[in-house]
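Enquirer: query_12.tsv is the file, holding TSV, C-alpha atoms and all ligand atoms:
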```
chain	number	residue	atom	x	y	z
A	20	MET	CA	-55.90	-130.75	-82.52
A	21	ARG	CA	-56.80	-127.94	-84.89
A	22	ILE	CA	-56.10	-124.53	-83.42
A	23	ALA	CA	-57.47	-121.45	-85.21
A	24	GLU	CA	-54.94	-119.74	-87.47
A	25	ARG	CA	-55.25	-116.40	-85.68
A	26	MET	CA	-53.67	-117.92	-82.58
A	27	SER	CA	-50.37	-118.17	-84.46
A	28	ARG	CA	-50.39	-114.35	-84.61
A	29	LEU	CA	-50.98	-113.81	-80.90
A	30	GLY	CA	-47.82	-112.86	-79.03
A	31	THR	CA	-47.22	-112.78	-75.30
A	32	GLU	CA	-45.54	-110.87	-72.50
A	33	THR	CA	-42.31	-112.78	-72.06
A	34	ALA	CA	-41.48	-110.85	-68.87
A	35	PHE	CA	-43.84	-113.31	-67.17
A	36	ALA	CA	-41.65	-116.17	-68.47
A	37	VAL	CA	-38.59	-114.52	-66.89
A	38	GLY	CA	-40.60	-114.34	-63.66
A	39	ALA	CA	-41.35	-118.06	-63.88
A	40	GLU	CA	-37.66	-118.81	-64.49
A	41	ALA	CA	-36.68	-116.70	-61.47
A	42	ALA	CA	-39.32	-118.42	-59.30
A	43	GLU	CA	-38.00	-121.83	-60.34
A	44	LEU	CA	-34.50	-120.76	-59.36
A	45	ALA	CA	-35.76	-119.44	-56.02
A	46	ASN	CA	-37.39	-122.84	-55.39
A	47	THR	CA	-33.95	-124.44	-55.54
A	48	GLY	CA	-32.97	-122.30	-52.54
A	49	LYS	CA	-31.03	-119.61	-54.43
A	50	LYS	CA	-31.69	-116.02	-53.37
A	51	VAL	CA	-33.31	-114.15	-56.24
A	52	TYR	CA	-33.37	-110.35	-56.69
A	53	PRO	CA	-36.55	-109.59	-58.67
A	54	PHE	CA	-35.97	-106.74	-61.09
A	55	HIS	CA	-37.90	-108.43	-63.91
A	56	LEU	CA	-41.57	-107.53	-63.57
A	57	GLY	CA	-43.28	-104.16	-63.34
A	58	ASP	CA	-45.16	-105.29	-60.27
A	59	ILE	CA	-45.15	-103.38	-57.00
A	60	ASN	CA	-44.19	-104.94	-53.67
A	61	ILE	CA	-45.90	-102.15	-51.75
A	62	ILE	CA	-49.32	-102.79	-50.27
A	63	THR	CA	-52.34	-100.88	-51.62
A	64	PRO	CA	-53.10	-97.82	-49.41
A	65	GLU	CA	-55.26	-98.70	-46.44
A	66	ASN	CA	-58.10	-96.27	-47.19
A	67	ILE	CA	-58.65	-97.97	-50.59
A	68	VAL	CA	-58.67	-101.43	-49.01
A	69	LYS	CA	-61.12	-100.29	-46.35
A	70	ALA	CA	-63.50	-98.69	-48.85
A	71	THR	CA	-63.44	-101.88	-50.92
A	72	ASN	CA	-64.12	-104.09	-47.90
A	73	LYS	CA	-67.00	-101.82	-46.97
A	74	ALA	CA	-68.41	-102.18	-50.49
A	75	ILE	CA	-68.27	-105.97	-50.23
A	76	GLU	CA	-69.91	-105.92	-46.81
A	77	SER	CA	-72.66	-103.63	-48.01
A	78	GLY	CA	-73.52	-106.00	-50.84
A	79	LYS	CA	-71.88	-104.36	-53.87
A	80	THR	CA	-71.26	-107.87	-55.10
A	81	GLY	CA	-73.61	-108.23	-58.05
A	82	TYR	CA	-73.18	-107.21	-61.68
A	83	CYS	CA	-72.89	-103.50	-62.36
A	84	PRO	CA	-73.25	-101.45	-65.58
A	85	ASN	CA	-71.01	-102.66	-68.43
A	86	ALA	CA	-69.12	-99.38	-68.69
A	87	GLY	CA	-68.64	-99.19	-64.93
A	88	ILE	CA	-70.54	-97.57	-62.08
A	89	PRO	CA	-71.49	-93.99	-63.04
A	90	GLN	CA	-69.94	-92.62	-59.82
A	91	LEU	CA	-66.50	-93.97	-60.77
A	92	ARG	CA	-66.84	-92.91	-64.40
A	93	GLU	CA	-67.67	-89.39	-63.21
A	94	ALA	CA	-64.84	-89.34	-60.64
A	95	LEU	CA	-62.34	-90.48	-63.25
A	96	ALA	CA	-63.57	-87.95	-65.81
A	97	LYS	CA	-62.95	-85.23	-63.23
A	98	ASP	CA	-59.55	-86.52	-62.13
A	99	VAL	CA	-58.15	-87.36	-65.55
A	100	GLY	CA	-59.78	-84.29	-67.11
A	101	SER	CA	-58.34	-81.84	-64.59
A	102	ALA	CA	-54.83	-83.34	-64.80
A	103	ARG	CA	-54.92	-82.89	-68.59
A	104	GLY	CA	-57.03	-79.77	-68.96
A	105	LEU	CA	-59.89	-81.68	-70.61
A	106	ASN	CA	-63.55	-80.94	-70.11
A	107	ILE	CA	-64.93	-84.48	-70.13
A	108	SER	CA	-67.80	-86.38	-68.49
A	109	PHE	CA	-68.66	-89.93	-67.47
A	110	GLU	CA	-69.71	-90.60	-71.07
A	111	ASN	CA	-66.04	-90.38	-72.05
A	112	VAL	CA	-65.04	-93.16	-69.66
A	113	ALA	CA	-65.43	-96.95	-69.91
A	114	ILE	CA	-64.10	-98.84	-66.89
A	115	GLN	CA	-61.96	-101.89	-67.70
A	116	PRO	CA	-60.45	-104.82	-65.82
A	117	GLY	CA	-56.98	-103.21	-66.00
A	118	GLY	CA	-55.27	-100.89	-68.43
A	119	LYS	CA	-54.14	-103.73	-70.67
A	120	PRO	CA	-57.59	-104.58	-72.12
A	121	VAL	CA	-57.81	-101.05	-73.54
A	122	ILE	CA	-55.15	-101.96	-76.11
A	123	GLY	CA	-57.07	-104.77	-77.80
A	124	LYS	CA	-60.47	-103.08	-77.46
A	125	PHE	CA	-59.19	-99.81	-78.97
A	126	LEU	CA	-57.78	-101.74	-81.94
A	127	GLN	CA	-60.98	-103.76	-82.37
A	128	VAL	CA	-63.00	-100.55	-82.58
A	129	LEU	CA	-60.70	-98.51	-84.82
A	130	MET	CA	-58.34	-100.73	-86.81
A	131	GLU	CA	-59.42	-102.34	-90.09
A	132	ILE	CA	-57.76	-105.53	-91.27
A	133	GLY	CA	-54.59	-104.56	-93.16
A	134	ASP	CA	-54.26	-101.14	-91.50
A	135	GLU	CA	-50.77	-100.11	-90.51
A	136	VAL	CA	-50.27	-99.28	-86.86
A	137	LEU	CA	-47.16	-97.44	-85.66
A	138	TYR	CA	-46.06	-98.78	-82.30
A	139	PRO	CA	-43.00	-98.25	-80.08
A	140	ASN	CA	-40.29	-100.87	-80.26
A	141	PRO	CA	-38.72	-101.44	-77.79
A	142	GLY	CA	-42.10	-101.14	-76.11
A	143	TYR	CA	-44.81	-102.92	-74.21
A	144	PRO	CA	-45.05	-106.24	-76.10
A	145	ILE	CA	-48.84	-106.43	-76.08
A	146	TYR	CA	-49.11	-103.76	-78.80
A	147	GLU	CA	-47.37	-105.88	-81.42
A	148	SER	CA	-49.25	-108.98	-80.26
A	149	GLN	CA	-52.72	-107.42	-80.47
A	150	ILE	CA	-52.12	-105.56	-83.74
A	151	GLU	CA	-51.03	-108.75	-85.52
A	152	TYR	CA	-53.68	-110.91	-83.85
A	153	LEU	CA	-56.46	-108.57	-84.95
A	154	GLY	CA	-55.21	-108.54	-88.55
A	155	GLY	CA	-53.31	-105.26	-88.68
A	156	LYS	CA	-49.75	-104.63	-89.72
A	157	ALA	CA	-47.49	-103.74	-86.81
A	158	VAL	CA	-45.01	-101.07	-87.91
A	159	PRO	CA	-42.29	-100.43	-85.31
A	160	TYR	CA	-40.75	-97.06	-84.55
A	161	GLY	CA	-37.76	-96.55	-82.30
A	162	PHE	CA	-35.97	-94.18	-79.96
A	163	LYS	CA	-32.69	-92.32	-79.95
A	164	GLU	CA	-30.44	-92.39	-76.92
A	165	THR	CA	-29.30	-88.89	-75.93
A	166	LYS	CA	-27.20	-87.62	-73.00
A	167	SER	CA	-30.33	-87.03	-70.94
A	168	GLY	CA	-32.23	-90.20	-71.84
A	169	PHE	CA	-34.27	-91.74	-74.65
A	170	LYS	CA	-36.19	-89.70	-77.19
A	171	ILE	CA	-38.97	-90.87	-79.49
A	172	ASP	CA	-37.75	-90.85	-83.12
A	173	ILE	CA	-40.31	-88.56	-84.73
A	174	ASP	CA	-38.36	-88.32	-88.00
A	175	GLN	CA	-38.69	-92.07	-88.33
A	176	ILE	CA	-42.41	-91.92	-87.55
A	177	GLU	CA	-42.88	-89.39	-90.35
A	178	ARG	CA	-40.96	-91.60	-92.79
A	179	LEU	CA	-43.05	-94.65	-91.89
A	180	ILE	CA	-46.45	-93.07	-92.57
A	181	THR	CA	-48.25	-94.44	-95.63
A	182	PRO	CA	-51.85	-94.08	-96.83
A	183	LYS	CA	-52.58	-97.24	-94.83
A	184	THR	CA	-51.38	-95.82	-91.49
A	185	SER	CA	-54.44	-95.37	-89.29
A	186	ILE	CA	-53.12	-95.52	-85.73
A	187	LEU	CA	-50.17	-94.38	-83.61
A	188	ILE	CA	-49.53	-95.95	-80.23
A	189	PHE	CA	-47.81	-93.39	-78.03
A	190	ASN	CA	-46.61	-94.50	-74.60
A	191	ASN	CA	-45.25	-91.30	-73.16
A	192	TYR	CA	-43.35	-92.00	-69.92
A	193	GLN	CA	-42.35	-95.16	-71.65
A	194	ASN	CA	-41.93	-98.79	-70.69
A	195	PRO	CA	-39.10	-99.94	-70.94
A	196	ASN	CA	-36.86	-96.91	-71.59
A	197	SER	CA	-38.73	-94.14	-69.69
A	198	ALA	CA	-38.66	-91.80	-72.73
A	199	SER	CA	-40.68	-88.65	-72.21
A	200	ALA	CA	-41.51	-86.14	-74.91
A	201	SER	CA	-40.82	-82.40	-74.58
A	202	ASP	CA	-43.67	-79.97	-75.28
A	203	GLY	CA	-42.23	-79.35	-78.74
A	204	GLU	CA	-41.95	-83.04	-79.57
A	205	MET	CA	-45.48	-83.67	-78.41
A	206	GLN	CA	-46.81	-80.82	-80.51
A	207	ARG	CA	-44.93	-82.12	-83.54
A	208	LEU	CA	-46.45	-85.56	-83.07
A	209	ALA	CA	-49.91	-84.05	-82.66
A	210	ASN	CA	-49.47	-82.04	-85.88
A	211	ILE	CA	-48.51	-85.22	-87.74
A	212	CYS	CA	-51.51	-87.14	-86.39
A	213	ILE	CA	-53.93	-84.34	-87.22
A	214	LYS	CA	-52.49	-83.86	-90.73
A	215	HIS	CA	-52.70	-87.57	-91.56
A	216	LYS	CA	-55.92	-88.26	-89.58
A	217	ILE	CA	-54.18	-90.82	-87.42
A	218	TRP	CA	-55.87	-92.09	-84.24
A	219	VAL	CA	-53.72	-92.14	-81.11
A	220	LEU	CA	-53.75	-94.69	-78.36
A	221	ALA	CA	-52.24	-92.60	-75.56
A	222	ASP	CA	-50.97	-95.29	-73.23
A	223	GLU	CA	-50.65	-93.23	-70.06
A	224	ALA	CA	-50.05	-96.09	-67.64
A	225	TYR	CA	-47.18	-94.06	-66.07
A	226	PHE	CA	-48.70	-90.57	-66.33
A	227	ASP	CA	-48.82	-90.32	-62.53
A	228	MET	CA	-45.42	-91.92	-61.97
A	229	ILE	CA	-43.42	-88.72	-62.37
A	230	TYR	CA	-40.91	-87.72	-59.73
A	231	ASP	CA	-40.36	-84.01	-60.36
A	232	GLY	CA	-41.91	-81.33	-62.51
A	233	LYS	CA	-44.98	-81.21	-64.68
A	234	ARG	CA	-46.50	-83.92	-66.80
A	235	LYS	CA	-48.28	-83.54	-70.08
A	236	SER	CA	-50.67	-85.56	-72.21
A	237	ILE	CA	-50.85	-85.40	-76.00
A	238	THR	CA	-54.65	-85.44	-75.58
A	239	SER	CA	-54.44	-81.92	-74.05
A	240	LEU	CA	-53.25	-80.41	-77.32
A	241	PRO	CA	-55.84	-78.66	-79.50
A	242	GLY	CA	-57.74	-81.11	-81.71
A	243	MET	CA	-56.21	-84.21	-80.18
A	244	PHE	CA	-58.80	-85.51	-77.72
A	245	SER	CA	-61.29	-86.12	-80.53
A	246	GLN	CA	-58.86	-88.55	-82.17
A	247	SER	CA	-57.34	-90.20	-79.10
A	248	VAL	CA	-58.15	-92.79	-76.48
A	249	ILE	CA	-56.32	-92.69	-73.14
A	250	LEU	CA	-55.29	-95.93	-71.51
A	251	TYR	CA	-55.72	-95.25	-67.78
A	252	THR	CA	-54.81	-97.63	-64.98
A	253	PHE	CA	-55.08	-97.76	-61.19
A	254	SER	CA	-52.26	-100.35	-61.15
A	255	LYS	CA	-49.21	-98.19	-60.67
A	256	LYS	CA	-50.18	-94.99	-58.83
A	257	TYR	CA	-52.12	-96.84	-56.15
A	258	ALA	CA	-50.13	-100.11	-56.15
A	259	MET	CA	-53.19	-102.00	-57.39
A	260	THR	CA	-51.67	-104.23	-60.09
A	261	GLY	CA	-53.49	-107.35	-58.94
A	262	TRP	CA	-56.84	-105.65	-58.46
A	263	ARG	CA	-57.19	-105.28	-62.22
A	264	LEU	CA	-58.81	-101.92	-62.75
A	265	GLY	CA	-58.33	-99.32	-65.45
A	266	ALA	CA	-60.28	-97.38	-68.05
A	267	ALA	CA	-60.54	-96.33	-71.66
A	268	ILE	CA	-61.09	-92.57	-71.89
A	269	GLY	CA	-61.94	-90.95	-75.19
A	270	PRO	CA	-64.65	-89.58	-77.50
A	271	LYS	CA	-68.17	-90.67	-76.50
A	272	THR	CA	-68.86	-92.75	-79.63
A	273	ILE	CA	-65.64	-94.73	-79.28
A	274	ILE	CA	-66.37	-95.30	-75.59
A	275	GLU	CA	-69.84	-96.63	-76.48
A	276	HIS	CA	-68.28	-99.15	-78.88
A	277	ILE	CA	-65.65	-100.17	-76.33
A	278	SER	CA	-68.45	-100.66	-73.78
A	279	ARG	CA	-70.20	-102.99	-76.24
A	280	ILE	CA	-67.06	-105.10	-76.22
A	281	ASN	CA	-67.21	-105.04	-72.39
A	282	VAL	CA	-70.70	-106.58	-72.67
A	283	ASN	CA	-69.33	-109.35	-74.85
A	284	ASP	CA	-66.13	-109.96	-72.89
A	285	GLU	CA	-66.35	-109.55	-69.12
A	286	SER	CA	-69.90	-108.10	-68.73
A	287	CYS	CA	-68.50	-105.60	-66.24
A	288	SER	CA	-65.34	-104.96	-64.27
A	289	ASN	CA	-65.28	-106.15	-60.68
A	290	HIS	CA	-68.06	-104.22	-58.96
A	291	PHE	CA	-66.87	-103.65	-55.37
A	292	ILE	CA	-63.35	-102.68	-56.46
A	293	GLN	CA	-64.86	-99.75	-58.31
A	294	TRP	CA	-66.04	-98.30	-54.98
A	295	GLY	CA	-62.52	-98.65	-53.64
A	296	ALA	CA	-61.27	-96.83	-56.73
A	297	ILE	CA	-63.51	-93.84	-55.97
A	298	GLU	CA	-61.78	-93.62	-52.59
A	299	ALA	CA	-58.42	-93.89	-54.41
A	300	LEU	CA	-59.28	-90.86	-56.54
A	301	GLN	CA	-61.10	-88.72	-53.99
A	302	GLY	CA	-59.78	-89.83	-50.59
A	303	ASP	CA	-56.52	-89.28	-48.74
A	304	GLN	CA	-53.62	-89.18	-51.23
A	305	SER	CA	-50.83	-89.79	-48.71
A	306	GLY	CA	-50.63	-93.48	-49.71
A	307	SER	CA	-49.93	-92.79	-53.38
A	308	LEU	CA	-47.49	-89.99	-52.50
A	309	LYS	CA	-45.60	-92.38	-50.23
A	310	ILE	CA	-45.41	-94.96	-53.04
A	311	LEU	CA	-43.83	-92.37	-55.34
A	312	LYS	CA	-41.36	-91.28	-52.64
A	313	THR	CA	-40.34	-94.87	-51.97
A	314	LEU	CA	-39.82	-95.51	-55.67
A	315	LYS	CA	-37.70	-92.38	-56.07
A	316	THR	CA	-35.36	-93.50	-53.28
A	317	ARG	CA	-35.04	-96.91	-54.92
A	318	ARG	CA	-34.36	-95.31	-58.29
A	319	ASP	CA	-31.46	-93.27	-56.96
A	320	ILE	CA	-29.86	-96.22	-55.20
A	321	ALA	CA	-30.21	-98.43	-58.29
A	322	VAL	CA	-28.92	-95.78	-60.73
A	323	ASP	CA	-25.85	-94.98	-58.62
A	324	LEU	CA	-24.97	-98.62	-58.16
A	325	LEU	CA	-25.50	-99.54	-61.81
A	326	ASN	CA	-23.34	-96.64	-62.96
A	327	SER	CA	-20.55	-97.86	-60.69
A	328	ILE	CA	-20.36	-101.15	-62.59
A	329	PRO	CA	-17.71	-101.21	-65.32
A	330	GLY	CA	-19.33	-101.47	-68.77
A	331	ILE	CA	-22.85	-100.51	-67.63
A	332	ARG	CA	-24.33	-97.04	-67.92
A	333	THR	CA	-27.82	-95.87	-67.22
A	334	HIS	CA	-29.84	-92.65	-67.14
A	335	ARG	CA	-31.78	-91.33	-64.14
A	336	PRO	CA	-35.31	-91.08	-65.59
A	337	ASN	CA	-37.81	-88.70	-64.04
A	338	CYS	CA	-40.67	-91.11	-64.61
A	339	THR	CA	-41.84	-94.77	-64.51
A	340	PHE	CA	-40.04	-97.29	-62.30
A	341	TYR	CA	-37.83	-98.77	-64.99
A	342	LEU	CA	-34.16	-98.40	-65.84
A	343	TYR	CA	-32.88	-99.33	-69.28
A	344	PRO	CA	-29.10	-99.62	-68.95
A	345	ASN	CA	-26.78	-99.98	-71.88
A	346	VAL	CA	-24.67	-103.10	-71.23
A	347	THR	CA	-22.80	-103.24	-74.54
A	348	GLU	CA	-19.36	-102.74	-72.99
A	349	ALA	CA	-19.95	-105.17	-70.15
A	350	MET	CA	-21.00	-107.80	-72.68
A	351	ALA	CA	-17.93	-107.14	-74.81
A	352	LYS	CA	-15.72	-107.64	-71.74
A	353	MET	CA	-17.49	-110.94	-71.14
A	354	LYS	CA	-17.12	-111.86	-74.84
A	355	LEU	CA	-20.89	-112.18	-75.24
A	356	VAL	CA	-22.94	-111.23	-78.29
A	357	ASP	CA	-26.34	-112.41	-77.09
A	358	VAL	CA	-28.09	-110.30	-74.45
A	359	GLU	CA	-30.24	-113.26	-73.39
A	360	GLU	CA	-27.08	-115.24	-72.68
A	361	PHE	CA	-25.90	-112.28	-70.58
A	362	ARG	CA	-29.22	-112.31	-68.68
A	363	LYS	CA	-29.08	-116.03	-67.96
A	364	LEU	CA	-25.44	-115.99	-66.93
A	365	ILE	CA	-26.21	-113.25	-64.41
A	366	LEU	CA	-29.45	-114.83	-63.19
A	367	TYR	CA	-27.83	-118.17	-62.43
A	368	GLY	CA	-24.54	-116.61	-61.29
A	369	THR	CA	-25.93	-113.95	-58.93
A	370	GLY	CA	-29.72	-114.41	-58.60
A	371	VAL	CA	-30.25	-110.94	-60.13
A	372	SER	CA	-33.27	-111.29	-62.42
A	373	PHE	CA	-34.11	-108.75	-65.12
A	374	CYS	CA	-35.57	-108.51	-68.61
A	375	THR	CA	-33.68	-107.55	-71.74
A	376	ARG	CA	-34.45	-105.68	-74.93
A	377	MET	CA	-35.65	-109.04	-76.32
A	378	HIS	CA	-38.75	-108.87	-74.11
A	379	PHE	CA	-39.99	-105.62	-75.65
A	380	GLY	CA	-40.87	-106.41	-79.24
A	381	THR	CA	-39.06	-108.04	-82.12
A	382	PRO	CA	-35.63	-106.36	-82.46
A	383	LYS	CA	-35.03	-104.44	-85.68
A	384	ALA	CA	-32.18	-105.07	-88.11
A	385	GLY	CA	-29.14	-102.94	-87.43
A	386	GLU	CA	-29.44	-102.65	-83.65
A	387	THR	CA	-25.87	-102.68	-82.37
A	388	GLU	CA	-26.22	-101.67	-78.71
A	389	PHE	CA	-27.41	-104.05	-75.99
A	390	TYR	CA	-29.89	-103.06	-73.30
A	391	ILE	CA	-31.48	-104.65	-70.26
A	392	ARG	CA	-34.51	-103.50	-68.27
A	393	LEU	CA	-34.62	-103.37	-64.51
A	394	ALA	CA	-37.85	-102.64	-62.63
A	395	TYR	CA	-37.23	-101.32	-59.12
A	396	SER	CA	-40.90	-101.46	-58.12
A	397	GLY	CA	-40.83	-105.03	-56.82
A	398	ILE	CA	-37.68	-104.99	-54.70
A	399	ASP	CA	-36.83	-102.95	-51.58
A	400	THR	CA	-33.69	-100.89	-51.04
A	401	ASP	CA	-31.77	-103.63	-49.19
A	402	GLY	CA	-32.47	-106.06	-52.02
A	403	ILE	CA	-31.44	-103.49	-54.62
A	404	LYS	CA	-28.14	-102.85	-52.83
A	405	GLU	CA	-27.34	-106.50	-52.20
A	406	GLY	CA	-28.34	-107.65	-55.69
A	407	LEU	CA	-26.53	-104.92	-57.59
A	408	GLU	CA	-23.38	-105.32	-55.46
A	409	LYS	CA	-23.42	-109.00	-56.45
A	410	LEU	CA	-23.88	-108.02	-60.07
A	411	LYS	CA	-20.95	-105.61	-59.79
A	412	ALA	CA	-18.66	-108.25	-58.29
A	413	PHE	CA	-19.73	-110.76	-60.93
A	414	ILE	CA	-18.99	-108.46	-63.86
A	415	LYS	CA	-15.74	-107.19	-62.31
A	416	LYS	CA	-14.39	-110.76	-62.41
A	417	TYR	CA	-14.16	-110.59	-66.21
B	501	LIG	N1	-49.20	-100.13	-70.65
B	501	LIG	C1	-47.93	-100.21	-70.25
B	501	LIG	C2	-46.90	-99.45	-70.98
B	501	LIG	C3	-47.57	-101.03	-69.18
B	501	LIG	O1	-46.28	-101.11	-68.81
B	501	LIG	C4	-48.57	-101.75	-68.51
B	501	LIG	C5	-48.23	-102.65	-67.41
B	501	LIG	O2	-47.13	-102.90	-67.04
B	501	LIG	C6	-49.90	-101.61	-68.95
B	501	LIG	C7	-50.16	-100.79	-70.02
B	501	LIG	C8	-51.02	-102.37	-68.34
B	501	LIG	O3	-51.16	-102.24	-66.99
B	501	LIG	P1	-52.38	-102.84	-66.21
B	501	LIG	O4	-53.10	-103.81	-67.07
B	501	LIG	O5	-51.82	-103.46	-64.98
B	501	LIG	O6	-53.26	-101.70	-65.88
```
Show me, as structure tokens, the structure contained in the file I just sent.
Ligand code: PLP

Expert:
Amino acid sequence: MRIAERMSRLGTETAFAVGAEAAELANTGKKVYPFHLGDINIITPENIVKATNKAIESGKTGYCPNAGIPQLREALAKDVGSARGLNISFENVAIQPGGKPVIGKFLQVLMEIGDEVLYPNPGYPIYESQIEYLGGKAVPYGFKETKSGFKIDIDQIERLITPKTSILIFNNYQNPNSASASDGEMQRLANICIKHKIWVLADEAYFDMIYDGKRKSITSLPGMFSQSVILYTFSKKYAMTGWRLGAAIGPKTIIEHISRINVNDESCSNHFIQWGAIEALQGDQSGSLKILKTLKTRRDIAVDLLNSIPGIRTHRPNCTFYLYPNVTEAMAKMKLVDVEEFRKLILYGTGVSFCTRMHFGTPKAGETEFYIRLAYSGIDTDGIKEGLEKLKAFIKKY
């Protein structure tokens, strides 16, 4: 069978493969502790479910406009605009079936074949996949580990810019390492992008998943909104991962082009869910606040337990629901040099299932430290305690 050449350039999200491996193990009767996928085991707030059911019952079951229902576009413009200090309208918003589709559509609209795109690595693996698939050159930039957590390596970004660099993907409040930029770092990045006329995909999937203090978007900085597109999602804040609803938010012309891709791809995002999403934005917020509170409790339990394991150390990030522990010493004690071997040994030995650095982009030459990623969004506190105690006992044996 002849498969088109471009398919050889399409990557995947291997975290799903880890999920399949864990499910297979669970089928054999072994208890599995799911730290692998950024899914949420908390039910969507009741008011959102009710508003969606009402929309179905009242017949909101046909096609709707390609860019989304105007009421949701307007509500999102208000919500996202006020959180970022942006004066935007419904024309700046194109509703999508999830946040993920924004990545490929943004690149289709703005990236020429052969353009260089700076993307975070370790990072969400779909960036690298879509850049290469659509004929661009994926140029990875990294992070530095500091005492307080991970920091985007802006010096490296500056060094990597060439006349062919047209796009920067910036996932502040980062998956997998929860890096967040200070005001100064964000301004420096903005200055670089303005100077070199670089478009920014501001992947803000975790913008609302912040535990304490203020949040900030690069699109709020002077001159930045006109050369940025925000990836917005309902998935995390409202525990709506399986509903598939998000948006591209950016300059009107770009949004019009993205909406033309909507026409060609899915016609429109699920109609009745969009009415539920209006309730999510404008209705009672106690559900989303409770989600954040639950996640914070889980974070603290997981961080304390992980840091009590010899050879493992992790930060206590103020955002996302991911931990990115350094396991270099634990692996040395176990005489392992392959982090995937470490993962498998622990999965089959204890049932604790997590991803590793290998699931977040092709590793770069010269990486000497080993990292794993644990999501605490899909496992309750009892599971976290039981699983990580098992992990501790397992590693202590060496
Ligand atoms: N961007 C990042 C960094 C993510 O981690 C995710 C999901 O995990 C997404 C985008 C896409 O989320 P969704 O398609 O569920 O909205």

Enquirer: Set the distance at 12 Å and use only C-alpha atoms: which residues neighbour A:Val219 once local chain neighbours fewer than 2 positions away are removed? I'd like the list as a PyMOL selection string.

Expert: chain A and resi 122+125-126+129-130+136-138+184-191+208-213+215-217+221-223+236-238+242-250+268-270

Enquirer: When distances are computed from all atoms listed in the file, which of A:Tyr251, A:Trp262, A:Phe389, A:Tyr192 shows the smallest separation from A:Ala113?

Expert: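 Smallest separation from A:Ala113 among the options: A:Tyr251.
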
Enquirer: Between atom CA of A:Lys119 and atom CA of A:Gly133, what is the spacing in Å?

Expert: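 Between atom CA of A:Gly133 and atom CA of A:Lys119 the gap works out to 22.5 Å.
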
Enquirer: Grab the atom CA of A:Met228 to atom C1 of ligand LIG 501 (chain B) distance for me, in Å with one decimal place.

Expert: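 Going from atom CA of A:Met228 over to atom C1 of ligand LIG 501 (chain B) covers 12.0 Å.
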
Enquirer: Nearest residue to ligand LIG 501 (chain B) out of A:Phe54, A:Tyr146, A:Tyr152, A:Phe291, using all atoms listed in the file?

Expert: A:Tyr146

Enquirer: Show me, as a list in words, the residues that have an atom within 12 Å of A:Asn72 when counting all atoms listed in the file, minus same-chain residues fewer than 6 positions from it.

Expert: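 Non-adjacent residues within range: Glu65, Asn66, Gly78, Lys79, Thr80, His290, Phe291, Ile292, Gln293, Trp294, Gly295, Ala296 and Glu298 of chain A.
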
Enquirer: Kindly work out which residues sit at most 9 Å from ligand LIG 501 (chain B), using all atoms listed in the file, and give the list as a PyMOL selection string.

Expert: chain A and resi 56-58+115-122+142-146+190-195+222-225+250-255+259-266+339

Enquirer: Please produce an output containing C-alpha atoms for each residue in the selection, written as a CSV table (one decimal), keeping the file's coordinate frame.

Expert:
```csv
chain,number,residue,atom,x,y,z
A,56,LEU,CA,-41.6,-107.5,-63.6
A,57,GLY,CA,-43.3,-104.2,-63.3
A,58,ASP,CA,-45.2,-105.3,-60.3
A,115,GLN,CA,-62.0,-101.9,-67.7
A,116,PRO,CA,-60.4,-104.8,-65.8
A,117,GLY,CA,-57.0,-103.2,-66.0
A,118,GLY,CA,-55.3,-100.9,-68.4
A,119,LYS,CA,-54.1,-103.7,-70.7
A,120,PRO,CA,-57.6,-104.6,-72.1
A,121,VAL,CA,-57.8,-101.0,-73.5
A,122,ILE,CA,-55.2,-102.0,-76.1
A,142,GLY,CA,-42.1,-101.1,-76.1
A,143,TYR,CA,-44.8,-102.9,-74.2
A,144,PRO,CA,-45.0,-106.2,-76.1
A,145,ILE,CA,-48.8,-106.4,-76.1
A,146,TYR,CA,-49.1,-103.8,-78.8
A,190,ASN,CA,-46.6,-94.5,-74.6
A,191,ASN,CA,-45.2,-91.3,-73.2
A,192,TYR,CA,-43.4,-92.0,-69.9
A,193,GLN,CA,-42.4,-95.2,-71.6
A,194,ASN,CA,-41.9,-98.8,-70.7
A,195,PRO,CA,-39.1,-99.9,-70.9
A,222,ASP,CA,-51.0,-95.3,-73.2
A,223,GLU,CA,-50.6,-93.2,-70.1
A,224,ALA,CA,-50.0,-96.1,-67.6
A,225,TYR,CA,-47.2,-94.1,-66.1
A,250,LEU,CA,-55.3,-95.9,-71.5
A,251,TYR,CA,-55.7,-95.2,-67.8
A,252,THR,CA,-54.8,-97.6,-65.0
A,253,PHE,CA,-55.1,-97.8,-61.2
A,254,SER,CA,-52.3,-100.4,-61.2
A,255,LYS,CA,-49.2,-98.2,-60.7
A,259,MET,CA,-53.2,-102.0,-57.4
A,260,THR,CA,-51.7,-104.2,-60.1
A,261,GLY,CA,-53.5,-107.4,-58.9
A,262,TRP,CA,-56.8,-105.6,-58.5
A,263,ARG,CA,-57.2,-105.3,-62.2
A,264,LEU,CA,-58.8,-101.9,-62.8
A,265,GLY,CA,-58.3,-99.3,-65.4
A,266,ALA,CA,-60.3,-97.4,-68.0
A,339,THR,CA,-41.8,-94.8,-64.5
```

Enquirer: Determine, counting only C-alpha atoms, which protein, DNA and RNA residues have an atom within 10 Å of an atom of A:Ala36; residues of the same chain fewer than 6 positions away are not included. Present the result as a list in words.

Expert: Ala42, His55, Leu56, Cys374 and His378 of chain A

Enquirer: How many Å lie between atom CA of A:Leu324 and atom CA of A:Lys50, rounded to one decimal?

Expert: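 Pair atom CA of A:Leu324 / atom CA of A:Lys50 returns 19.3 Å.
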
Enquirer: Can you tell me which residues surround stretch 279-287 of chain A at a distance of at most 8 Å, considering all atoms listed in the file, apart from same-chain residues fewer than 6 positions away, and format the answer as a list in words?

Expert: Tyr82, Cys83, Pro84, Asn85, Ala86, Gly87, Gln115 and Lys124 of chain A
